[in-house]
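Only one structure is covered here, and it is reproduced in the block below.
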There are 2 protein chains.
Amino acid sequence: MLAGASAERRDTALRIMATSLRDHRLEILTANAADLAAYNGTNAFRDRLTLNDARVEAMARGLEEVAALPDPLGRVLADWTRPNGLRIRRIATPIGVIGMIYESRPNVGADASALCLKSGNAVILRGGSDSLNSARAINTALVRGLETAGLPPACIQVPPSADRTYVAAMLAGAGLIDLIIPRGGKSLVERVQREARVPVLAHAEGLCHTYVHAAANPDMARAIVANAKMRRTGVCGATETLLIDHAIAAAQLPRIVADLRALGCDFRADAAARAVVPDLTAANDTDFDTEWLDAIISVSVVDGLDAALAHIVRHGSSHTDAIITEDTAIAERFLASVDSAVALWNASTQFCDGGEFGFGAEIGIATGRIHARGPVGLEQLTIYRYTIRGNGQVRA
Amino acid sequence: MLAGASAERRDTALRIMATSLRDHRLEILTANAADLAAYNGTNAFRDRLTLNDARVEAMARGLEEVAALPDPLGRVLADWTRPNGLRIRRIATPIGVIGMIYESRPNVGADASALCLKSGNAVILRGGSDSLNSARAINTALVRGLETAGLPPACIQVPPSADRTYVAAMLAGAGLIDLIIPRGGKSLVERVQREARVPVLAHAEGLCHTYVHAAANPDMARAIVANAKMRRTGVCGATETLLIDHAIAAAQLPRIVADLRALGCDFRADAAARAVVPDLTAANDTDFDTEWLDAIISVSVVDGLDAALAHIVRHGSSHTDAIITEDTAIAERFLASVDSAVALWNASTQFCDGGEFGFGAEIGIATGRIHARGPVGLEQLTIYRYTIRGNGQVRA
């Protein structure tokens, strides 16, 4: 049983699996070439689908990095003794069987396999049908490694074909699959949430705000806004909306705009922002509700913290929101009031990331309200159970 | 906002609500009399539906007891600083809006209201239609208390009528309801699990085992088995199956059977058990898969720990299972191997209960594999979010 395998055994398996990936490099690249030959979609997706020596090596190294992380299983999460002498412990354990449904990025399968194996979970991997040959070749390599390490090959599975009935079976798999994790675009995630009859740990929208408060350090605000928006525009922690206090808009907004513009960013600004920087494009009714995932930022001038919080409640997605200010009391009110999975003070929203949290690796960012919020790393792939040690206690 | 209300304010509200329940006693009993007059079901259900002075007082006292419990919100669950200086804290927060769907036990509404309010969650209460007048009267009293305490009355809601479309709306309420908790019989829970489009924290089956190992203290085994089965037969932590080692069956099974029989228990025994106590009723194929919730116990003679574990894997429901033994190594292997939400050594399975865990109160026992397993108390009605304090960090 995987859940009963020692940490050493699971880590050894991960290292053997990394070696096996390298050993199967040619088979994996050949399978990937077949996927690419059949592919006729966009260049961006083609790039995600493409494997090469460096990407296979990166997958192998990813497995080794997960092997080096602390064991998430067996942690004693709580430990207390009742007046009747019963000693109760809450212990971290695997969830069980996790179903991953993801788009045509072959590396997701290797990453998810590593995180699930390390956390004692079996995983069923269903990648996009465009990547099925690649996924199978990677799976074959990983399963060889598992077998060499003496762990059951059934711990990592891929459906036997791209037939969509397998996805439906996974979504319907109550009692057989304990948790579904979808990774991909909005339509994939929404379909999974709509159709799944098992629990789903999903990533929905990341409509993140950076609020530049009147007492912000101007240089810090410029640096953080530029990074929060433009470091990578396609990640869920990218800032989509800039809120800036009216009191400082005239002095600081033009420089923030100039910084962003120099990085290639476009703007959707409300009237008050355009009163300060007239050549900004006017925002329409839906712009403040739009997760751009692109080099576009919505801009609104607000009147202080309460107005900023009201904007975030109305338009935000409770994902990641930041305040820039030197006023500690204001910052603490923001951190306490905003209902974001991640609330930052004087830092870039792009820090919403398992690696940046020190989790070592992540399987995604959870936007639901139970089990886990924010980056999902090894700890979040566990649950707990109780052990109770007594000496003959019966209940009155 | 409820989530922003201080612990003191929430606790004060709970105490005012308790007073309001007492003040509305006559209205509640009048409404309950109307429900009872219209009711024509079984006596057992009629008893659950019935309120009287003592039961109203028990509800009020329940609210006061929850007020006295520690605040589950704001707990710092983790706190670390990254090499770049970011200080990350994981803080316990409310889940959001919880939908309770339960059968016609009016007190469940008051208990759930207390636990949800204390944990900063809004709650929508949908009790069985037979109890609708009672539920409304209780709700009116609670909401008066909320208003007196200056908290929003919308924190505790009941649907405006018994119309089943409201249940369907709750089950479909993605984005409006964050979690559904069903409380009731198997068919209610299964319907909610099947139809809900929002996360469900459900209680399914409690098919619990007590395994008397060869090295058990015979007197302790007798006392625990009698308690685990017969203290209350209708609770989910009641033992449904007795496993006993072959080596001691001849010596000990007759006395255990005699104890249980004296308490009014019937038996469904396998051939090996009937070889020892011939007058036991023979078990059929499904008896070991049956959650009796009654004065009946399945009995199987097994050959040691591994056979006991195999039986539990095959027939159990991962709820609560116990071993009785004086052999520490065997006990530790059992505790580590069995995949039960609650695994006990030398104690009665009937300890699977939030009160017995020291949670003060519980809203149910979770049998799923994410968010929470076992008793669901105030802590399990929370989730977390992160605060990150920086001094200008941007991501590389």
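Residue numbers start at 1 in each chain; chains themselves are named A, B, ... in the order of the structure tokens; ligands are numbered from 1 in the order shown.
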
Using only C-alpha atoms, which protein or nucleic acid residues come within 8 Å of stretch 340-347 of chain A? Drop anything in the same chain fewer than 4 positions from it, and give the result as an MDAnalysis selection string. (chainID A and resid 220:221 224 317:325 331 335 351:352 367 373:374) or (chainID B and resid 384:394)

Strand (DSSP E or B) call set, DSSP backbone run, stretch 83-150 of chain A, as a ChimeraX atom specification: /A:87-94,97-102,122-126

Could the residues in this selection be written to a file with N, CA and C atoms, as a PDB file, in the first residue's frame?
ATOM      1  N   ARG A  87      -5.828   9.678  25.127  1.00  0.00           N
ATOM      2  CA  ARG A  87      -4.836  10.505  24.450  1.00  0.00           C
ATOM      3  C   ARG A  87      -5.215  10.565  22.969  1.00  0.00           C
ATOM      4  N   ILE A  88      -5.569  11.758  22.501  1.00  0.00           N
ATOM      5  CA  ILE A  88      -6.061  11.927  21.135  1.00  0.00           C
ATOM      6  C   ILE A  88      -5.002  12.627  20.298  1.00  0.00           C
ATOM      7  N   ARG A  89      -4.683  12.039  19.149  1.00  0.00           N
ATOM      8  CA  ARG A  89      -3.749  12.682  18.218  1.00  0.00           C
ATOM      9  C   ARG A  89      -4.406  12.821  16.852  1.00  0.00           C
ATOM     10  N   ARG A  90      -4.172  13.976  16.231  1.00  0.00           N
ATOM     11  CA  ARG A  90      -4.632  14.226  14.864  1.00  0.00           C
ATOM     12  C   ARG A  90      -3.394  14.125  13.967  1.00  0.00           C
ATOM     13  N   ILE A  91      -3.420  13.180  13.026  1.00  0.00           N
ATOM     14  CA  ILE A  91      -2.240  12.831  12.244  1.00  0.00           C
ATOM     15  C   ILE A  91      -2.500  13.087  10.763  1.00  0.00           C
ATOM     16  N   ALA A  92      -1.531  13.686  10.084  1.00  0.00           N
ATOM     17  CA  ALA A  92      -1.677  13.946   8.639  1.00  0.00           C
ATOM     18  C   ALA A  92      -1.585  12.641   7.862  1.00  0.00           C
ATOM     19  N   THR A  93      -2.553  12.426   6.966  1.00  0.00           N
ATOM     20  CA  THR A  93      -2.628  11.202   6.164  1.00  0.00           C
ATOM     21  C   THR A  93      -2.953  11.561   4.712  1.00  0.00           C
ATOM     22  N   PRO A  94      -2.776  10.614   3.798  1.00  0.00           N
ATOM     23  CA  PRO A  94      -3.146  10.897   2.410  1.00  0.00           C
ATOM     24  C   PRO A  94      -4.661  11.080   2.269  1.00  0.00           C
ATOM     25  N   VAL A  97      -7.364   8.772  -3.514  1.00  0.00           N
ATOM     26  CA  VAL A  97      -7.166   8.745  -4.961  1.00  0.00           C
ATOM     27  C   VAL A  97      -7.531  10.124  -5.519  1.00  0.00           C
ATOM     28  N   ILE A  98      -6.575  10.743  -6.188  1.00  0.00           N
ATOM     29  CA  ILE A  98      -6.788  12.079  -6.747  1.00  0.00           C
ATOM     30  C   ILE A  98      -6.873  11.969  -8.264  1.00  0.00           C
ATOM     31  N   GLY A  99      -7.892  12.595  -8.836  1.00  0.00           N
ATOM     32  CA  GLY A  99      -8.024  12.655 -10.286  1.00  0.00           C
ATOM     33  C   GLY A  99      -7.568  14.022 -10.778  1.00  0.00           C
ATOM     34  N   MET A 100      -6.578  14.033 -11.659  1.00  0.00           N
ATOM     35  CA  MET A 100      -6.112  15.293 -12.242  1.00  0.00           C
ATOM     36  C   MET A 100      -6.671  15.387 -13.662  1.00  0.00           C
ATOM     37  N   ILE A 101      -7.349  16.471 -13.960  1.00  0.00           N
ATOM     38  CA  ILE A 101      -7.840  16.710 -15.317  1.00  0.00           C
ATOM     39  C   ILE A 101      -7.203  18.010 -15.776  1.00  0.00           C
ATOM     40  N   TYR A 102      -6.385  17.931 -16.840  1.00  0.00           N
ATOM     41  CA  TYR A 102      -5.602  19.110 -17.207  1.00  0.00           C
ATOM     42  C   TYR A 102      -5.498  19.208 -18.713  1.00  0.00           C
ATOM     43  N   ALA A 122      -2.727   8.044  -4.533  1.00  0.00           N
ATOM     44  CA  ALA A 122      -2.731   7.535  -5.899  1.00  0.00           C
ATOM     45  C   ALA A 122      -3.292   8.621  -6.794  1.00  0.00           C
ATOM     46  N   VAL A 123      -2.899   8.600  -8.077  1.00  0.00           N
ATOM     47  CA  VAL A 123      -3.368   9.657  -8.980  1.00  0.00           C
ATOM     48  C   VAL A 123      -3.785   9.059 -10.312  1.00  0.00           C
ATOM     49  N   ILE A 124      -4.886   9.578 -10.840  1.00  0.00           N
ATOM     50  CA  ILE A 124      -5.332   9.239 -12.195  1.00  0.00           C
ATOM     51  C   ILE A 124      -5.192  10.509 -13.012  1.00  0.00           C
ATOM     52  N   LEU A 125      -4.387  10.442 -14.072  1.00  0.00           N
ATOM     53  CA  LEU A 125      -4.008  11.625 -14.840  1.00  0.00           C
ATOM     54  C   LEU A 125      -4.738  11.636 -16.167  1.00  0.00           C
ATOM     55  N   ARG A 126      -5.510  12.685 -16.403  1.00  0.00           N
ATOM     56  CA  ARG A 126      -6.187  12.794 -17.684  1.00  0.00           C
ATOM     57  C   ARG A 126      -5.796  14.139 -18.294  1.00  0.00           C
TER      58      ARG A 126
END

Would you mind listing what lies within 10 Å of stretch 46-53 of chain A as a ChimeraX atom specification, with only C-alpha atoms counted and same-chain residues fewer than 2 positions away left out? /A:22,25-26,28-33,35-36,39-44,55-58,103-107,128,130-131,134

Calculate how many Å separate atom CA of A:Leu179 from atom CA of A:Ala366, rounding to one decimal.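 Between these atoms lies a distance of 12.8 Å.
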
Selection near B:Ser187, 12 Å with only C-alpha atoms, sequence-local residues under 6 positions removed, as a PyMOL selection string: chain B and resi 102-103+193-194+202-205

Go ahead and write the selection's residues with C-alpha atoms as a CSV table (one decimal), in the first residue's frame.
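Output saved as selection07.csv:
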chain,number,residue,atom,x,y,z
B,102,TYR,CA,-31.7,18.4,8.1
B,103,GLU,CA,-34.6,16.3,9.1
B,193,GLN,CA,-24.4,14.4,-2.3
B,194,ARG,CA,-25.9,13.4,-5.7
B,202,ALA,CA,-21.4,14.7,4.7
B,203,HIS,CA,-21.9,11.9,7.1
B,204,ALA,CA,-22.2,8.6,5.3
B,205,GLU,CA,-22.0,5.3,7.0

Rounded to one decimal, what separation in Å do you get between atom CA of B:His209 and atom CA of B:Gly316?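 Spanning atom CA of B:His209 to atom CA of B:Gly316 is a straight-line distance of 7.5 Å.
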
Calculated over only C-alpha atoms, which of the candidates B:Ala18, B:Ala38, B:Ile248, B:Ala3 has the smallest distance to chain A?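 Closest residue, counting only C-alpha atoms: B:Ala3.
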
Exercise: stretch 147-153 of chain A partners within 9 Å, only C-alpha atoms, chain neighbours under 5 positions left out, as a ChimeraX atom specification: /A:1-2,5,9-10,12-14,16-17,142

How would the residues just picked look written out with C-alpha atoms as a short mmCIF file (atom, residue, chain, number, x, y, z; two decimals), in the first residue's frame?
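Contents of out.cif, as written:
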data_model
loop_
_atom_site.label_atom_id
_atom_site.label_comp_id
_atom_site.auth_asym_id
_atom_site.auth_seq_id
_atom_site.Cartn_x
_atom_site.Cartn_y
_atom_site.Cartn_z
CA MET A 1 0.00 0.00 0.00
CA LEU A 2 1.26 3.45 -0.94
CA ALA A 5 5.18 3.14 2.39
CA ARG A 9 10.67 4.45 0.13
CA ARG A 10 8.50 7.12 -1.51
CA THR A 12 13.63 6.62 -3.38
CA ALA A 13 10.83 5.86 -5.81
CA LEU A 14 10.72 9.51 -6.90
CA ILE A 16 14.25 6.24 -9.51
CA MET A 17 11.33 7.70 -11.48
CA LEU A 142 7.17 6.86 -14.30
#

Using only C-alpha atoms, the shortest atom-to-atom distance to B:His246 among B:Ala215, B:Val302, B:Ala228, B:Val198 belongs to B:Val302

Who sits within 8 Å of stretch 281-297 of chain A, only C-alpha atoms, same chain under 2 positions skipped, as number ranges by chain: A: 205-207, 229-230, 233-236, 238-242, 264-271, 274, 279, 299, 315-316

Written selection (C-alpha atoms) as a compact mmCIF listing (two decimals), in the first residue's frame:
# COMPACT_ATOMS: atom_id res chain seq x y z
CA GLU A 205 -10.57 33.41 -11.25
CA GLY A 206 -7.64 35.49 -9.98
CA LEU A 207 -8.90 39.04 -10.23
CA LYS A 229 1.18 43.58 -13.34
CA MET A 230 3.98 42.94 -15.83
CA THR A 233 0.78 38.72 -17.13
CA GLY A 234 -0.65 35.22 -17.60
CA VAL A 235 -0.35 34.00 -14.00
CA CYS A 236 -3.31 34.03 -11.65
CA ALA A 238 -0.94 39.00 -11.67
CA THR A 239 -2.58 42.27 -10.68
CA GLU A 240 -5.53 43.08 -12.92
CA THR A 241 -6.67 46.30 -11.28
CA LEU A 242 -4.77 49.24 -9.81
CA GLY A 264 4.02 47.51 -22.90
CA CYS A 265 0.92 47.72 -20.73
CA ASP A 266 -2.45 49.10 -21.82
CA PHE A 267 -5.00 50.76 -19.54
CA ARG A 268 -8.74 50.79 -18.83
CA ALA A 269 -9.24 53.77 -16.56
CA ASP A 270 -12.20 55.33 -14.78
CA ALA A 271 -13.06 59.03 -15.13
CA ARG A 274 -8.44 59.91 -16.80
CA ASP A 279 -4.86 59.72 -22.67
CA VAL A 299 -7.28 51.70 -13.06
CA HIS A 315 -15.19 43.24 -8.25
CA GLY A 316 -12.59 40.93 -6.70

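Considering the residues B:Gly62, B:Gly4, B:Pro182, B:Pro254 and counting only C-alpha atoms, chain A has its shortest atom-to-atom contact with B:Gly4.
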
Pick out the residues sitting within 12 Å of B:Ala247, and hand them over as a PyMOL selection string; count only C-alpha atoms, and ignore anything fewer than 2 positions along from it in its own chain. chain B and resi 212-216+244-245+249-253+272-273+276+301-305

Kindly save the residues from that selection, with N, CA and C atoms included, as a compact mmCIF listing (two decimals), in the first residue's frame.
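In the end it all went to out-v1.txt:
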# COMPACT_ATOMS: atom_id res chain seq x y z
N VAL B 212 -11.13 -7.72 19.12
CA VAL B 212 -10.54 -8.23 20.36
C VAL B 212 -9.37 -9.13 19.98
N HIS B 213 -8.18 -8.62 20.24
CA HIS B 213 -6.95 -9.32 19.86
C HIS B 213 -6.63 -10.40 20.91
N ALA B 214 -5.82 -11.36 20.49
CA ALA B 214 -5.49 -12.48 21.38
C ALA B 214 -4.92 -12.02 22.72
N ALA B 215 -4.20 -10.91 22.71
CA ALA B 215 -3.57 -10.43 23.94
C ALA B 215 -4.44 -9.41 24.68
N ALA B 216 -5.74 -9.41 24.40
CA ALA B 216 -6.63 -8.47 25.10
C ALA B 216 -6.76 -8.86 26.57
N ILE B 244 -12.91 -11.20 16.65
CA ILE B 244 -12.21 -11.76 17.81
C ILE B 244 -11.22 -12.81 17.32
N ASP B 245 -10.05 -12.80 17.92
CA ASP B 245 -9.01 -13.73 17.48
C ASP B 245 -9.39 -15.17 17.79
N ALA B 249 -11.07 -17.16 21.14
CA ALA B 249 -12.52 -17.17 20.93
C ALA B 249 -13.21 -18.15 21.87
N ALA B 250 -12.66 -19.33 21.98
CA ALA B 250 -13.33 -20.34 22.81
C ALA B 250 -13.41 -19.88 24.26
N ALA B 251 -12.35 -19.23 24.73
CA ALA B 251 -12.33 -18.81 26.13
C ALA B 251 -13.19 -17.58 26.37
N GLN B 252 -13.16 -16.63 25.41
CA GLN B 252 -13.76 -15.33 25.74
C GLN B 252 -15.07 -15.02 25.03
N LEU B 253 -15.26 -15.57 23.84
CA LEU B 253 -16.47 -15.19 23.10
C LEU B 253 -17.75 -15.51 23.88
N ALA B 272 -17.13 -19.86 12.23
CA ALA B 272 -16.13 -20.06 13.29
C ALA B 272 -16.68 -19.59 14.63
N ALA B 273 -17.45 -18.50 14.62
CA ALA B 273 -18.04 -18.02 15.87
C ALA B 273 -19.11 -18.99 16.35
N VAL B 276 -18.05 -21.92 18.27
CA VAL B 276 -17.79 -21.67 19.69
C VAL B 276 -19.10 -21.49 20.45
N VAL B 301 -14.83 -14.56 13.68
CA VAL B 301 -13.58 -15.02 14.30
C VAL B 301 -12.48 -14.88 13.25
N VAL B 302 -11.38 -14.22 13.60
CA VAL B 302 -10.30 -13.97 12.64
C VAL B 302 -8.99 -14.56 13.16
N ASP B 303 -8.04 -14.67 12.24
CA ASP B 303 -6.74 -15.23 12.61
C ASP B 303 -5.70 -14.14 12.70
N GLY B 304 -5.79 -13.33 13.73
CA GLY B 304 -4.74 -12.35 13.98
C GLY B 304 -4.97 -11.01 13.31
N LEU B 305 -4.04 -10.08 13.56
CA LEU B 305 -4.17 -8.68 13.16
C LEU B 305 -4.39 -8.51 11.66

DSSP says helix (DSSP H, G or I) for which residues of stretch 95-319 of chain A? Put them as a PyMOL selection string? chain A and resi 106-118+129-148+153-155+165-171+186-195+218-230+246-262+271-276+287-289+305-315
